[in-house]
Every structure is written in structure tokens, then in C-alpha cells.
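Pasting data18.txt here (compact mmCIF, C-alpha atoms):
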```txt
# COMPACT_ATOMS: atom_id res chain seq x y z
CA MET A 1 26.64 7.85 2.16
CA ALA A 2 26.34 7.82 -1.64
CA GLU A 3 22.98 8.04 -3.39
CA PRO A 4 21.70 4.71 -4.72
CA ARG A 5 22.17 3.69 -8.34
CA PRO A 6 19.68 0.85 -8.51
CA GLN A 7 19.74 -1.90 -11.11
CA LEU A 8 16.36 -2.69 -12.64
CA VAL A 9 15.60 -6.42 -12.80
CA ALA A 10 12.92 -7.10 -15.41
CA ASP A 11 13.80 -10.41 -17.07
CA ALA A 12 14.66 -13.96 -16.06
CA ARG A 13 18.39 -13.64 -16.74
CA ALA A 14 18.73 -10.52 -14.59
CA LEU A 15 16.69 -12.13 -11.82
CA ALA A 16 18.91 -15.23 -11.81
CA ALA A 17 21.97 -12.98 -11.60
CA LEU A 18 20.43 -11.08 -8.68
CA ALA A 19 19.59 -14.30 -6.82
CA ASP A 20 23.18 -15.49 -7.27
CA SER A 21 24.52 -12.10 -6.20
CA ILE A 22 22.64 -11.97 -2.89
CA ARG A 23 23.00 -15.66 -2.04
CA ALA A 24 26.17 -15.02 -0.07
CA ASP A 25 24.73 -12.05 1.83
CA PRO A 26 23.50 -12.99 5.32
CA VAL A 27 21.42 -9.80 5.58
CA VAL A 28 19.25 -8.27 2.83
CA ALA A 29 17.01 -5.18 2.99
CA VAL A 30 13.58 -5.57 1.38
CA ASP A 31 10.64 -3.31 0.56
CA THR A 32 7.67 -3.42 -1.79
CA GLU A 33 5.55 -0.93 -3.70
CA SER A 34 1.92 -1.78 -4.41
CA ASN A 35 -0.82 0.00 -6.35
CA SER A 36 -3.45 0.12 -3.59
CA PHE A 37 -4.32 3.76 -4.40
CA HIS A 38 -4.94 2.92 -8.04
CA ALA A 39 -6.57 -0.52 -8.24
CA TYR A 40 -9.48 -2.42 -6.70
CA ARG A 41 -7.31 -5.50 -6.20
CA GLU A 42 -3.89 -4.26 -5.21
CA ARG A 43 -0.81 -6.17 -6.24
CA VAL A 44 2.91 -5.92 -5.61
CA CYS A 45 4.36 -3.82 -8.44
CA LEU A 46 7.98 -3.48 -7.29
CA ILE A 47 10.30 -5.33 -4.93
CA GLN A 48 13.30 -3.32 -3.75
CA LEU A 49 16.41 -5.05 -2.41
CA SER A 50 19.65 -3.72 -0.95
CA THR A 51 22.80 -5.46 0.26
CA ARG A 52 26.04 -3.99 1.53
CA GLY A 53 27.15 -3.85 -2.08
CA GLY A 54 24.22 -2.63 -4.16
CA ASP A 55 20.59 -1.77 -4.75
CA TRP A 56 18.13 -3.55 -7.03
CA ILE A 57 14.55 -2.97 -8.10
CA VAL A 58 12.68 -6.06 -9.29
CA ASP A 59 9.70 -5.64 -11.60
CA PRO A 60 7.32 -8.53 -10.76
CA LEU A 61 4.96 -7.39 -13.52
CA SER A 62 7.66 -8.34 -16.04
CA VAL A 63 9.37 -11.39 -14.55
CA ASP A 64 8.46 -14.46 -12.48
CA VAL A 65 9.98 -13.69 -9.08
CA ARG A 66 9.72 -17.17 -7.57
CA PRO A 67 13.45 -17.91 -7.90
CA LEU A 68 14.15 -14.84 -5.79
CA GLY A 69 11.83 -16.10 -3.06
CA ALA A 70 13.85 -19.28 -2.74
CA VAL A 71 16.81 -17.14 -1.67
CA LEU A 72 15.02 -14.58 0.52
CA CYS A 73 13.11 -17.22 2.47
CA ASP A 74 16.01 -19.62 3.10
CA GLY A 75 16.75 -18.35 6.61
CA ARG A 76 18.88 -15.24 6.00
CA GLU A 77 17.95 -12.05 7.85
CA THR A 78 15.64 -9.71 5.97
CA VAL A 79 15.38 -6.09 7.06
CA LEU A 80 12.16 -4.17 6.42
CA HIS A 81 10.64 -0.95 7.75
CA GLY A 82 7.06 -1.14 9.02
CA ALA A 83 7.05 -4.72 7.79
CA ASP A 84 3.46 -5.71 8.56
CA TYR A 85 2.04 -4.57 5.20
CA ASP A 86 4.91 -5.94 3.13
CA VAL A 87 4.76 -9.30 4.93
CA ARG A 88 1.06 -9.62 4.16
CA CYS A 89 1.55 -8.66 0.50
CA LEU A 90 4.46 -11.07 -0.06
CA LYS A 91 2.57 -13.94 1.56
CA ARG A 92 -0.62 -13.21 -0.37
CA GLU A 93 0.99 -13.00 -3.78
CA TYR A 94 3.95 -15.36 -3.60
CA GLY A 95 3.58 -17.41 -0.42
CA TRP A 96 6.90 -16.02 0.83
CA ARG A 97 7.67 -16.28 4.53
CA LEU A 98 10.61 -14.38 5.98
CA PRO A 99 11.81 -16.41 8.99
CA ARG A 100 14.45 -13.98 10.32
CA LEU A 101 12.84 -10.59 9.95
CA PHE A 102 14.18 -7.36 11.46
CA ASP A 103 11.73 -4.45 11.48
CA THR A 104 13.50 -1.10 11.82
CA MET A 105 10.28 0.69 12.74
CA ALA A 106 9.48 -1.78 15.53
CA ALA A 107 13.06 -1.54 16.79
CA ALA A 108 12.99 2.26 16.79
CA ARG A 109 9.65 2.25 18.62
CA ARG A 110 11.05 -0.06 21.28
CA LEU A 111 14.01 2.31 21.69
CA GLY A 112 11.70 5.31 22.12
CA ALA A 113 12.68 7.15 18.94
CA PRO A 114 10.66 10.38 18.56
CA GLY A 115 10.07 9.83 14.84
CA LEU A 116 9.26 6.35 13.54
CA GLY A 117 8.88 7.00 9.81
CA LEU A 118 11.76 5.91 7.61
CA SER A 119 12.39 9.49 6.52
CA ALA A 120 12.61 10.69 10.13
CA LEU A 121 14.98 7.88 11.13
CA VAL A 122 17.25 8.32 8.11
CA GLU A 123 17.48 12.05 8.76
CA ALA A 124 18.16 11.52 12.47
CA HIS A 125 20.90 8.93 11.91
CA PHE A 126 22.45 9.99 8.58
CA GLY A 127 21.42 13.61 8.05
CA VAL A 128 19.64 12.78 4.79
CA ARG A 129 16.10 13.91 4.04
CA LEU A 130 14.22 11.45 1.84
CA SER A 131 11.84 12.77 -0.81
CA LYS A 132 8.14 11.92 -0.61
CA ALA A 133 7.41 13.12 -4.13
CA HIS A 134 6.36 9.71 -5.46
CA GLN A 135 4.59 8.40 -2.36
CA ARG A 136 1.29 8.02 -4.24
CA SER A 137 2.72 6.98 -7.61
CA ASP A 138 0.84 4.45 -9.70
CA TRP A 139 3.49 1.74 -9.42
CA GLY A 140 1.52 -0.50 -11.75
CA HIS A 141 1.95 1.92 -14.66
CA ARG A 142 4.75 1.22 -17.14
CA PRO A 143 7.26 2.43 -18.10
CA LEU A 144 8.70 3.58 -14.80
CA THR A 145 10.63 6.85 -14.79
CA GLY A 146 14.18 7.26 -13.56
CA GLU A 147 12.86 9.45 -10.75
CA GLN A 148 10.48 6.71 -9.63
CA LEU A 149 13.26 4.12 -9.59
CA ALA A 150 15.57 6.41 -7.61
CA TYR A 151 12.78 7.16 -5.13
CA ALA A 152 11.92 3.47 -4.69
CA ALA A 153 15.56 2.50 -4.14
CA LEU A 154 15.85 4.89 -1.19
CA ASP A 155 13.34 2.79 0.74
CA THR A 156 15.97 0.06 1.20
CA HIS A 157 19.26 1.88 0.58
CA TYR A 158 19.65 3.03 4.20
CA LEU A 159 18.02 0.07 5.93
CA LEU A 160 21.16 -2.01 6.54
CA PRO A 161 23.23 0.76 8.18
CA LEU A 162 20.12 1.77 10.11
CA ARG A 163 19.64 -1.82 11.22
CA ASP A 164 23.27 -1.94 12.43
CA ARG A 165 22.77 1.09 14.67
CA LEU A 166 19.48 -0.20 16.04
CA VAL A 167 20.98 -3.63 16.76
CA ALA A 168 23.72 -1.98 18.80
CA ASP A 169 21.22 0.19 20.71
CA LEU A 170 18.93 -2.76 21.45
CA ALA A 171 21.88 -4.77 22.78
CA ALA A 172 23.06 -1.86 24.92
CA ARG A 173 19.62 -1.61 26.54
CA GLY A 174 19.18 -5.35 26.98
CA ALA A 175 16.15 -5.21 24.68
CA ALA A 176 17.33 -7.47 21.85
CA GLU A 177 15.44 -10.59 22.97
CA GLU A 178 12.09 -8.84 23.35
CA ALA A 179 12.61 -7.10 20.02
CA ARG A 180 13.25 -10.45 18.36
CA LYS A 181 9.95 -11.78 19.74
CA GLU A 182 8.17 -8.77 18.27
CA PHE A 183 9.85 -9.28 14.89
CA ASP A 184 8.73 -12.92 14.92
CA ARG A 185 5.13 -11.84 15.62
CA ILE A 186 5.26 -9.44 12.69
CA ALA A 187 6.70 -12.14 10.42
CA ALA A 188 3.80 -14.42 11.38
CA VAL A 189 0.98 -12.05 10.31
CA GLU A 190 -1.31 -13.43 7.61
CA PRO A 191 -2.92 -11.69 4.62
CA ARG A 192 -6.39 -10.25 5.10
CA GLU A 193 -8.99 -11.23 2.56
CA ARG A 194 -10.94 -8.32 1.13
CA VAL A 195 -14.55 -8.77 2.27
CA PHE A 196 -17.20 -6.27 1.25
CA ASP A 197 -19.50 -5.21 4.10
CA ALA A 198 -22.85 -4.22 2.60
CA GLU A 199 -23.69 -2.40 5.85
CA GLY A 200 -20.45 -0.44 5.94
CA TYR A 201 -22.25 2.69 4.73
CA ARG A 202 -23.60 3.12 8.27
CA ARG A 203 -20.10 4.15 9.42
CA LEU A 204 -19.77 7.03 6.96
CA PRO A 205 -19.69 10.51 8.55
CA GLY A 206 -23.15 12.04 8.17
CA ALA A 207 -24.97 8.74 7.59
CA ARG A 208 -26.78 8.84 10.92
CA ALA A 209 -28.22 12.27 10.18
CA LEU A 210 -30.06 11.02 7.09
CA ASP A 211 -33.75 10.18 7.11
CA ALA A 212 -34.94 6.66 6.29
CA GLU A 213 -35.14 7.34 2.57
CA GLY A 214 -31.67 8.90 2.58
CA ARG A 215 -30.21 5.87 4.33
CA ALA A 216 -31.82 3.62 1.73
CA VAL A 217 -30.25 5.71 -1.04
CA LEU A 218 -26.86 5.62 0.69
CA ARG A 219 -26.96 1.85 1.01
CA ALA A 220 -27.84 1.49 -2.67
CA LEU A 221 -24.99 3.83 -3.59
CA TRP A 222 -22.58 1.91 -1.37
CA VAL A 223 -23.38 -1.35 -3.17
CA ALA A 224 -23.40 0.22 -6.63
CA ARG A 225 -20.03 1.86 -6.04
CA GLU A 226 -18.49 -1.44 -4.95
CA GLU A 227 -19.77 -3.24 -8.03
CA ARG A 228 -18.49 -0.51 -10.34
CA ALA A 229 -15.11 -0.34 -8.61
CA ARG A 230 -14.69 -4.10 -9.01
CA ALA A 231 -15.62 -3.93 -12.70
CA LEU A 232 -13.24 -1.02 -13.37
CA ASP A 233 -10.43 -2.35 -11.12
CA ARG A 234 -10.37 1.00 -9.35
CA PRO A 235 -10.34 1.80 -5.62
CA PRO A 236 -13.92 2.56 -4.51
CA PHE A 237 -12.98 6.04 -3.24
CA LYS A 238 -11.82 6.94 -6.76
CA VAL A 239 -15.09 5.81 -8.30
CA LEU A 240 -17.24 7.96 -6.00
CA PRO A 241 -15.96 9.89 -2.95
CA GLU A 242 -17.74 9.09 0.31
CA PRO A 243 -18.68 12.72 1.20
CA ALA A 244 -20.36 12.97 -2.21
CA MET A 245 -22.27 9.75 -1.50
CA VAL A 246 -23.73 11.23 1.68
CA ASP A 247 -24.66 14.48 -0.10
CA ILE A 248 -26.36 12.51 -2.89
CA ALA A 249 -28.32 10.53 -0.31
CA ARG A 250 -29.38 13.77 1.38
CA LEU A 251 -30.28 15.73 -1.78
CA ARG A 252 -31.48 12.81 -3.91
CA PRO A 253 -30.96 14.32 -7.39
CA ARG A 254 -33.12 12.92 -10.18
CA THR A 255 -31.25 14.24 -13.21
CA SER A 256 -27.66 14.31 -14.45
CA ASP A 257 -27.64 18.11 -14.23
CA ALA A 258 -28.75 18.04 -10.59
CA LEU A 259 -26.22 15.31 -9.84
CA ALA A 260 -23.41 17.31 -11.46
CA ARG A 261 -24.04 20.20 -9.05
CA ILE A 262 -23.07 18.08 -6.04
CA ARG A 263 -19.54 18.64 -4.80
CA GLY A 264 -17.27 15.74 -5.67
CA VAL A 265 -19.33 14.57 -8.62
CA THR A 266 -16.81 15.28 -11.36
CA PRO A 267 -17.23 14.61 -15.07
CA SER A 268 -15.31 11.34 -14.64
CA VAL A 269 -17.67 10.30 -11.82
CA LEU A 270 -20.65 11.06 -14.05
CA ARG A 271 -19.13 9.05 -16.86
CA ARG A 272 -18.23 6.04 -14.73
CA ILE A 273 -21.19 5.73 -12.42
CA GLY A 274 -23.70 8.53 -13.09
CA PRO A 275 -26.51 6.29 -14.43
CA ALA A 276 -26.04 3.84 -11.56
CA ILE A 277 -26.29 6.71 -9.05
CA LEU A 278 -29.56 7.95 -10.54
CA ASP A 279 -30.89 4.37 -10.65
CA ALA A 280 -29.99 3.94 -6.97
CA VAL A 281 -31.79 7.16 -6.03
CA ALA A 282 -34.90 6.16 -8.00
CA ALA A 283 -34.93 2.59 -6.66
CA ALA A 284 -34.73 3.83 -3.08
CA GLY A 285 -37.71 6.12 -3.50
CA GLY A 286 -36.05 9.33 -4.66
CA ALA A 287 -38.78 10.10 -7.20
CA GLY A 288 -40.53 12.33 -4.72
CA ALA A 289 -37.47 14.48 -4.03
CA ALA A 290 -36.61 17.74 -5.70
CA GLY A 291 -34.21 17.67 -8.64
```
Here is the file; what I need is its structure written in the form of C-alpha cells.
Amino acid sequence: MAEPRPQLVADARALAALADSIRADPVVAVDTESNSFHAYRERVCLIQLSTRGGDWIVDPLSVDVRPLGAVLCDGRETVLHGADYDVRCLKREYGWRLPRLFDTMAAARRLGAPGLGLSALVEAHFGVRLSKAHQRSDWGHRPLTGEQLAYAALDTHYLLPLRDRLVADLAARGAAEEARKEFDRIAAVEPRERVFDAEGYRRLPGARALDAEGRAVLRALWVAREERARALDRPPFKVLPEPAMVDIARLRPRTSDALARIRGVTPSVLRRIGPAILDAVAAAGGAGAAG
């Protein structure tokens, strides 16, 4: 099977052409890339599509994708891998509902496949090993590189031939009807609202071993980190790592120099949240601790 040569869709004219191109296709492969590792509020940054005749990558940061939704949600079969996350993202951002979904991961699980990841399934069925080099890319950053586009296209390029093999195997085992019920359950999942739990710090490894003052510091850090992450539009773990939070609560540094000696407190952490950390320590009673 040839490597994909995806077409980038980044303006209204190209999107209209794509919608017209796939309108006659009864089955379309779909995937998304989001920036959850790089932003506080994740968003869909790419939508990958494949038909029997081509591969496309839609840039929803550059073009209004609503006309595409009118085609994808009109009752044709959409093929996704591990669809739960993509379904939630597409519903949250665009209100799209995919009525005839086929999930290749769910199908492979029902068939007892030893490896359920897309890479494992593609290698098992087609002898191709997919790269994972851009798995943690910042998909919200522009411009995208050619390597990123090629990587993203592979997530849908093999889905339709994989779907064909899984359909045949499900039918041979008399498992097609139960698989369809599972696909319908996946298609019905709803987005989860992000809700901050102010007491979530209690679940951090090492939190229970802290004394009362340390737990008070940890709670203050937990809240301060969330506020700063929201303001910076960064994931909380990138603002201040959780192991460092527990160490700060245990050691209770009073100065920037003492704080900088704690593992995980990098110069960028000091710059972004250092004063708030020291304020949290002081407010929770850290003035009596060594620094």
C-alpha cells in the first residue's frame, strides 16, 4: 500500500471541494489531533480524513469546518480508531454526531486481537510500522511541517482497508450485531466538562505522608497552579509538576534560591509561578520552616 500524500485543506474553497469530493463516498475514515498536552483548554487542531481515493488534512484553526460536518453527519459510515476521545471532541467543538460509526479498536478488541493500538494493527495486517515521532506534537502551532502532515495522515490512511478486514472477521464469527451495538454506545458518548476539584491534591502520591502544615501548603499550591495554568492557557502539569508540588509542601522553602533547589522547579517554573509558590507557602504557615 502506497504512503499517503495528503492534501491540506486550510481555506473555504478547498473545504467546499473536499465536501463535494467525499459526498459520494459511503464510508469515510476520520481522526483528530488536539493540543491537550500544550493548552489548558484543549481544542481540535487537525481533522484527518481518508476515502478509498485520497487523504486530506483539514486545518480547523484556519477555516470554518461546519460545511464538512453537514456531510460527515448525514448518515454515511465513519471509521475511527479508539473513537471515544474523538467523538467527545467533535461534539464539544462542533456539535457533530456520527450516526454510523465503526471503531476499529473496539472491533479488534471484540475479535481478541493481541495488540489494539493502531500501529500494532496496521503492522499485523499490512506489515507497515507507523512512526510515533510526532505523538506529542503541539498541533496548535503553525506552520505545520511536512513531517507532521505525513504523520497525521497515517492515522486514517489505513483505516478503511483495516475496517474491511475487521468487518469480514466479525461476520465470520457472528459478532457483527454485538459490535454494532458497541459502536452505537461509543457514538453516543457526551463531552465531559472540565471541573476543577479543589480537593484533588489529596490524591497526589506522597500527600498523605505530609503533616498538617504540609497539606495546607499543598492545597494552596494546587489552587495556585490551577489559576496560573488557566491564565497562561497551559496544562497544569507544565506549569508545576506534581512531584515538585509535594516536595515543596514537605520542605516549605521561603526564598527563591531555596525553591530553585527543589527537583522539578526549573527556571521556567520560577518565572511563571515562583512568587505564587512562595506566597502559598507563607500563607499556609511556612514562615517557621527552614529555608
For Val223 of chain A, the nearest of the candidates A:Arg165, A:Gly75, A:Ala280, A:Val122, counting all atoms listed in the file: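 Checking each of A:Arg165, A:Gly75, A:Ala280, A:Val122 against Val223 of chain A, counting all atoms listed in the file, the winner is A:Ala280.
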One-decimal distance in Å that lies between atom CA of Pro161 of chain A and atom CA of Glu33 of chain A: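 Atom CA of Pro161 of chain A lies 21.4 Å from atom CA of Glu33 of chain A.
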Test item: residues at most 10 Å from Val167 of chain A, all atoms listed in the file, excluding those fewer than 2 positions along its chain, as a list of chain:residue names: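 Once the adjacent positions are removed, what remains is A:Phe102, A:Thr104, A:Ala107, A:Ala108, A:Pro161, A:Leu162, A:Arg163, A:Asp164, A:Arg165, A:Asp169, A:Leu170, A:Ala171, A:Ala172, A:Ala175, A:Ala176, A:Ala179.
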For Arg271 of chain A, list every protein, DNA or RNA residue within 12 Å, evaluated using only C-alpha atoms, and leave out those in the same chain fewer than 6 positions away; present the list as a VMD selection string. chain A and resid 228 239 to 240 256 259 to 260 265 277
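From atom CA of Arg234 of chain A back to atom CA of Leu80 of chain A, the distance works out to 28.0 Å.
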Output as a compact mmCIF listing (two decimals), in the coordinates of the input: segment 66-87 of chain A, completed with N, CA and C atoms.
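See rebuild-v7.txt below for the written result:
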```txt
# COMPACT_ATOMS: atom_id res chain seq x y z
N ARG A 66 9.59 -16.02 -8.47
CA ARG A 66 9.72 -17.17 -7.57
C ARG A 66 11.16 -17.58 -7.27
N PRO A 67 12.07 -17.56 -8.24
CA PRO A 67 13.45 -17.91 -7.90
C PRO A 67 14.07 -17.00 -6.85
N LEU A 68 13.64 -15.76 -6.80
CA LEU A 68 14.15 -14.84 -5.79
C LEU A 68 13.64 -15.24 -4.41
N GLY A 69 12.38 -15.69 -4.34
CA GLY A 69 11.83 -16.10 -3.06
C GLY A 69 12.59 -17.25 -2.43
N ALA A 70 13.09 -18.14 -3.26
CA ALA A 70 13.85 -19.28 -2.74
C ALA A 70 15.08 -18.82 -1.97
N VAL A 71 15.64 -17.68 -2.36
CA VAL A 71 16.81 -17.14 -1.67
C VAL A 71 16.39 -16.34 -0.43
N LEU A 72 15.41 -15.46 -0.60
CA LEU A 72 15.02 -14.58 0.52
C LEU A 72 14.43 -15.36 1.69
N CYS A 73 13.81 -16.49 1.42
CA CYS A 73 13.11 -17.22 2.47
C CYS A 73 13.92 -18.41 3.00
N ASP A 74 15.22 -18.44 2.72
CA ASP A 74 16.01 -19.62 3.10
C ASP A 74 16.61 -19.51 4.50
N GLY A 75 16.26 -18.46 5.24
CA GLY A 75 16.75 -18.35 6.61
C GLY A 75 17.68 -17.17 6.84
N ARG A 76 18.04 -16.43 5.80
CA ARG A 76 18.88 -15.24 6.00
C ARG A 76 18.03 -14.14 6.66
N GLU A 77 18.68 -13.15 7.23
CA GLU A 77 17.95 -12.05 7.85
C GLU A 77 17.46 -11.09 6.77
N THR A 78 16.21 -10.71 6.87
CA THR A 78 15.64 -9.71 5.97
C THR A 78 15.23 -8.51 6.80
N VAL A 79 15.62 -7.32 6.33
CA VAL A 79 15.38 -6.09 7.06
C VAL A 79 14.33 -5.28 6.32
N LEU A 80 13.24 -4.96 7.00
CA LEU A 80 12.16 -4.17 6.42
C LEU A 80 11.79 -3.05 7.39
N HIS A 81 11.11 -2.05 6.89
CA HIS A 81 10.64 -0.95 7.75
C HIS A 81 9.12 -0.93 7.75
N GLY A 82 8.51 -1.03 8.95
CA GLY A 82 7.06 -1.14 9.02
C GLY A 82 6.61 -2.36 8.24
N ALA A 83 7.10 -3.52 8.63
CA ALA A 83 7.05 -4.72 7.79
C ALA A 83 5.68 -5.35 7.66
N ASP A 84 4.75 -5.02 8.53
CA ASP A 84 3.46 -5.71 8.56
C ASP A 84 2.80 -5.77 7.18
N TYR A 85 2.70 -4.62 6.50
CA TYR A 85 2.04 -4.57 5.20
C TYR A 85 2.80 -5.37 4.15
N ASP A 86 4.11 -5.21 4.11
CA ASP A 86 4.91 -5.94 3.13
C ASP A 86 4.83 -7.45 3.35
N VAL A 87 4.86 -7.87 4.61
CA VAL A 87 4.76 -9.30 4.93
C VAL A 87 3.45 -9.86 4.40
```
